[in-house]
Amino acid sequence: MSTDLIAARQTDVIDEFALFDDWMDKYEHLIELGKDVPAIDTGRKTDEHLIKGCQSRVWLAADAEADGTVRFTADSDAIITKGLVGLMVRVLSGAEARAIAEADLHFLDAIGLHQHLSPTRSNGLASMVKQMRLYAAALAARQA
Amino acid sequence: MGRPGLNLYFAERFRLKMANSTLPERIRRDFPILDRSVHGKPLVYLDNAASAQKPLAVIEGQREYLANYHANIHRGAHHLAQLATEAYEGTRGKIADHIGAGSTEEIIFTAGSTDAVNLVTQSWGRANLSAGDTVLVTRMEHHANIVPWQMVCAEKGAEVVPVDVQEDGTLDLEDFARKLERHQPKLVGVVHASNTLGTINPVAELCAAARTAGAVTLVDGSQALPHLTIDVAAIGCDFYVATGHKAYGPTGIGFLWGRRDLLDAMPPWRGGGEMIRSVSFDGTTYNDLPHKFEAGTPHISGGIALGIALDWMNGVGLDTIHAHESALVQHAHQALQTLPGMRIIGTAPEKVGVVSLVVDGLHPYDLGTLLDGQGIAVRTGHHCTEPLMAHFGLESGTLRMSFAAYTTREEIDRAVIALERAMRMLS
Ligand SMILES: Cc1ncc(COP(=O)(O)O)c(C=O)c1O
């Protein structure tokens with residue numbers, strides 16, 4: 001079940017970040033992730049896929065796969081946002097549409113980065129998660 | 001007891017110590033929040049252009065009102081209503097004195113600068129603008145002095161035209177003269193000091209030219225109130241707006257000053273209690289200035305505390321504050337320029353305590369987040385001046401450090417070291 005998949009991936013991320021107790025070390029890691037993550041598919045970093053945050057910009061592309069899962073790729077112009085966006089993709093991409101739509105996303109809270117989901121940051125992350133869920137929910141409704 | 005000589009000795013030593021101390025040494029104890037830490041690091045608060053911290057006198061004054069003499073103002077026959085009214089109206093007098101207004105009736109309390117500009121656009125603007133008219137503003141205006149004009153101009157078929165800004169962040173005075181001549185604007189709106197660049201505009205000169213061209217003038221003093229001595233008569237403007245929370249006062253309170261003949265001729269904007277003389281279904285008549293523009297129960301505690309904030313600033317002295325902040329700006333410019341890829345946006349000769357910067361190849365949001373992690377509070381983004389950022393080609397905006405009377409050189413040094421560390425982490 002892909003609900004378990006999402007839960008297991010969140011546990012993975014939480015374990016990975018448990019290695020860092022210092023705020024700056026955690027960000028150092030996030031920056032490394034931001035530099036590493038495979039960004040959005042080439043040719044799709046376009047206005048059509050742009051989510052405009054006030055502070056940083058995020059691009060998101062979603063594809064419905066034949067097996068009922070959703071594949072996401074994403075990017076950002078800020079490295080820290082890109083690291084966060086990458087984590088979100090890592091947790092959700094490849095899961096079943098319904099599981100994505102209903103996922104209990106607690107890992108940002110658990111690793112102490114929940115403030116990046118707050119609207120005051122307006123870095124585009126919260127809007128991206130909303131769009132991921134909306135896309136998945138629409139797809140799940142069509143599958144049902 | 002019994003040792004007056006010793007007491008005098010200590011009193012004299014204290015006096016000398018104060019006389020030789022820096023401004024922050026004298027006043028930082030007034031700001032309890034400055035002692036806190038953030039993410040385990042001592043707070044360095046460099047986001048004063050967004051909102052300044054409050055001295056104890058302001059915090060206590062607001063508490064004192066709420067605890068001891070809260071009542072609605074203007075209407076009660078009872079003692080508390082009278083105390084509250086006197087305190088609130090006292091601030092109107094302090095504002096009038098502070099900015100050199102002719103009378104307290106020219107001071108309209110508003111929720112802030114944004115609210116004050118909207119009062120002018122909705123009252124004066126709707127009554128005076130018509131199709132084909134122009135409102136001339138500058139490209140360095142805060143959205144608060146752009147969008148309300150766009151709204152009324154869209155309704156009236158009028159146009160908002162911006163004056164250009166030069167590379168160093170000063171206003172292009174030739175472009176100003178040219179556009180004044182070409183467009184014959186009905187109104188000229190100009191920011192006294194830019195919240196993004198720090199630039200202090202030559203408002204007296206601009207208002208004189210605008211007046212000669214037949215335009216009404218509005219000066220946005222949001223960033224001037226905490227840093228500069230303001231004299232509306234010397235500036236020669238028609239409207240002046242400012243907000244309390246950037247000047248050590250509470251949020252949700254500010255003011256509009258307007259020339260009396262203009263305010264008298266303007267229709268009320270919001271209707272309701274307080275702003276009327278008499279109400280009947282056969283016809284309602286309006287109150288006199290300033291109450292004509294103050295419908296509803298106002299932010300009483302904020303108004304009272306704003307008066308205390310003005311007293312606090314005047315106690316310290318605006319010349320002292322401005323000199324201190326100018327030295328900080330110079331220090332920050334010098335220290336920042338040693339960092340690789342650093343570009344300071346806004347290097348006008350006359351600045352308030354604002355330093356905007358970008359670093360080649362790095363996103364301001366990343367830098368700001370990593371400064372936050374080190375206890376340094378700055379603002380990143382477009383600072384509600386998107387047209388200005390577009391003009392400089394800065395899609396992601398800038399990182400802005402902004403100073404107050406209590407900011408120290410050591411804090412700026414710490415911010416520069418933290419910035420260097422953030423730059424290393426990101427590259
Ligand atoms: C230059 C300038 N104008 C207007 C404003 C708006 O002030 P307020 O939000 O208090 O109405 C600000 C502050 O954000 C400002 O810096």
# chains A, B, ... in the order shown; residues from 1 in each chain; ligands from 1
>>> select_by_dssp(residues="region 73-242 of chain B", states="helix (DSSP H, G or I)", output="PyMOL selection string")
chain B and resi 79-99+104-106+113-128+143-145+147-156+173-183+203-212+232-235
>>> interface_residues(of="chain B", to="chain A", cutoff="9 Å", atoms="only C-alpha atoms", output="PDB file with N, CA and C atoms, in the first residue's frame")
ATOM      1  N   HIS B  39      16.905  30.803  18.237  1.00  0.00           N
ATOM      2  CA  HIS B  39      17.639  29.581  17.867  1.00  0.00           C
ATOM      3  C   HIS B  39      18.909  29.436  18.710  1.00  0.00           C
ATOM      4  N   LEU B 362      23.762  34.119  -5.472  1.00  0.00           N
ATOM      5  CA  LEU B 362      23.077  33.569  -4.294  1.00  0.00           C
ATOM      6  C   LEU B 362      21.694  34.197  -4.137  1.00  0.00           C
ATOM      7  N   HIS B 363      20.767  33.379  -3.650  1.00  0.00           N
ATOM      8  CA  HIS B 363      19.385  33.831  -3.507  1.00  0.00           C
ATOM      9  C   HIS B 363      19.200  34.505  -2.139  1.00  0.00           C
ATOM     10  N   PRO B 364      18.609  35.699  -2.113  1.00  0.00           N
ATOM     11  CA  PRO B 364      18.415  36.390  -0.831  1.00  0.00           C
ATOM     12  C   PRO B 364      17.679  35.540   0.206  1.00  0.00           C
ATOM     13  N   TYR B 365      16.745  34.722  -0.259  1.00  0.00           N
ATOM     14  CA  TYR B 365      15.973  33.899   0.691  1.00  0.00           C
ATOM     15  C   TYR B 365      16.886  32.912   1.418  1.00  0.00           C
ATOM     16  N   ASP B 366      17.830  32.324   0.677  1.00  0.00           N
ATOM     17  CA  ASP B 366      18.782  31.395   1.299  1.00  0.00           C
ATOM     18  C   ASP B 366      19.639  32.123   2.326  1.00  0.00           C
ATOM     19  N   THR B 369      17.548  33.031   5.420  1.00  0.00           N
ATOM     20  CA  THR B 369      17.249  31.858   6.246  1.00  0.00           C
ATOM     21  C   THR B 369      18.468  31.481   7.088  1.00  0.00           C
ATOM     22  N   LEU B 370      19.644  31.535   6.483  1.00  0.00           N
ATOM     23  CA  LEU B 370      20.858  31.162   7.223  1.00  0.00           C
ATOM     24  C   LEU B 370      21.274  32.237   8.230  1.00  0.00           C
ATOM     25  N   GLY B 373      19.127  31.539  11.252  1.00  0.00           N
ATOM     26  CA  GLY B 373      19.695  30.436  12.022  1.00  0.00           C
ATOM     27  C   GLY B 373      20.785  30.891  12.972  1.00  0.00           C
ATOM     28  N   GLN B 374      21.387  32.034  12.675  1.00  0.00           N
ATOM     29  CA  GLN B 374      22.451  32.560  13.533  1.00  0.00           C
ATOM     30  C   GLN B 374      21.955  33.709  14.412  1.00  0.00           C
ATOM     31  N   THR B 380      14.071  39.668   3.557  1.00  0.00           N
ATOM     32  CA  THR B 380      14.472  39.411   2.173  1.00  0.00           C
ATOM     33  C   THR B 380      13.251  39.498   1.269  1.00  0.00           C
ATOM     34  N   GLY B 381      13.505  39.736  -0.020  1.00  0.00           N
ATOM     35  CA  GLY B 381      12.405  39.809  -0.977  1.00  0.00           C
ATOM     36  C   GLY B 381      12.314  41.187  -1.597  1.00  0.00           C
ATOM     37  N   HIS B 382      11.109  41.554  -2.001  1.00  0.00           N
ATOM     38  CA  HIS B 382      10.971  42.822  -2.736  1.00  0.00           C
ATOM     39  C   HIS B 382      10.561  43.993  -1.853  1.00  0.00           C
ATOM     40  N   SER B 396      14.504  38.350  -7.494  1.00  0.00           N
ATOM     41  CA  SER B 396      14.326  37.757  -6.167  1.00  0.00           C
ATOM     42  C   SER B 396      14.463  38.788  -5.064  1.00  0.00           C
ATOM     43  N   GLY B 397      14.567  40.052  -5.425  1.00  0.00           N
ATOM     44  CA  GLY B 397      14.649  41.104  -4.425  1.00  0.00           C
ATOM     45  C   GLY B 397      16.041  41.207  -3.811  1.00  0.00           C
ATOM     46  N   MET B 425      28.540  28.570   3.145  1.00  0.00           N
ATOM     47  CA  MET B 425      27.692  27.364   3.136  1.00  0.00           C
ATOM     48  C   MET B 425      26.985  27.175   1.801  1.00  0.00           C
ATOM     49  N   LEU B 426      26.683  28.271   1.142  1.00  0.00           N
ATOM     50  CA  LEU B 426      25.862  28.183  -0.073  1.00  0.00           C
ATOM     51  C   LEU B 426      26.692  28.005  -1.344  1.00  0.00           C
TER      52      LEU B 426
END
>>> select_by_dssp(residues="chain A", states="strand (DSSP E)", output="ChimeraX atom specification")
/A:50-52,57-64,70-76
>>> residues_near_ligand(ligand="ligand 1", cutoff="6 Å", atoms="only C-alpha atoms and all ligand atoms", output="CSV table (one decimal) with N, CA, C and O atoms, in the first residue's frame")
chain,number,residue,atom,x,y,z
B,50,ALA,N,10.9,47.3,8.8
B,50,ALA,CA,9.6,46.6,8.7
B,50,ALA,C,8.8,47.0,10.0
B,50,ALA,O,7.6,47.3,9.9
B,112,GLY,N,-2.6,53.5,9.9
B,112,GLY,CA,-1.2,53.4,9.5
B,112,GLY,C,-1.0,54.2,8.2
B,112,GLY,O,-1.9,54.9,7.8
B,113,SER,N,0.1,54.1,7.5
B,113,SER,CA,0.3,54.8,6.3
B,113,SER,C,-0.6,54.3,5.2
B,113,SER,O,-1.1,55.1,4.4
B,114,THR,N,-0.7,53.0,5.1
B,114,THR,CA,-1.5,52.4,4.0
B,114,THR,C,-3.0,53.0,4.1
B,114,THR,O,-3.5,53.4,3.1
B,142,HIS,N,6.7,52.6,-2.0
B,142,HIS,CA,6.1,51.4,-1.4
B,142,HIS,C,4.8,51.1,-2.1
B,142,HIS,O,4.1,52.1,-2.5
B,144,ALA,N,2.1,50.8,-1.0
B,144,ALA,CA,1.0,51.5,-0.3
B,144,ALA,C,0.8,52.9,-0.9
B,144,ALA,O,-0.3,53.5,-0.8
B,194,SER,N,13.2,56.0,1.3
B,194,SER,CA,12.8,54.7,0.7
B,194,SER,C,13.1,53.6,1.7
B,194,SER,O,14.2,53.5,2.2
B,195,ASN,N,12.1,52.7,1.8
B,195,ASN,CA,12.2,51.6,2.8
B,195,ASN,C,13.2,50.5,2.2
B,195,ASN,O,13.6,49.6,2.9
B,220,ASP,N,5.0,60.3,1.6
B,220,ASP,CA,4.9,59.1,2.4
B,220,ASP,C,6.1,59.1,3.4
B,220,ASP,O,7.2,58.8,3.1
B,222,SER,N,6.6,57.2,6.1
B,222,SER,CA,6.7,56.0,6.9
B,222,SER,C,8.1,55.8,7.5
B,222,SER,O,8.3,55.4,8.6
B,223,GLN,N,9.1,56.0,6.6
B,223,GLN,CA,10.5,55.7,7.0
B,223,GLN,C,11.2,56.9,7.5
B,223,GLN,O,12.3,56.9,7.9
B,243,THR,N,3.3,56.1,9.9
B,243,THR,CA,2.8,54.9,10.6
B,243,THR,C,3.6,54.8,11.9
B,243,THR,O,4.7,55.1,12.0
>>> closest_residue(among="A:Val89, A:Val37, A:Leu5, A:Ala97", to="Leu139 (chain A)", atoms="only C-alpha atoms")
A:Ala97
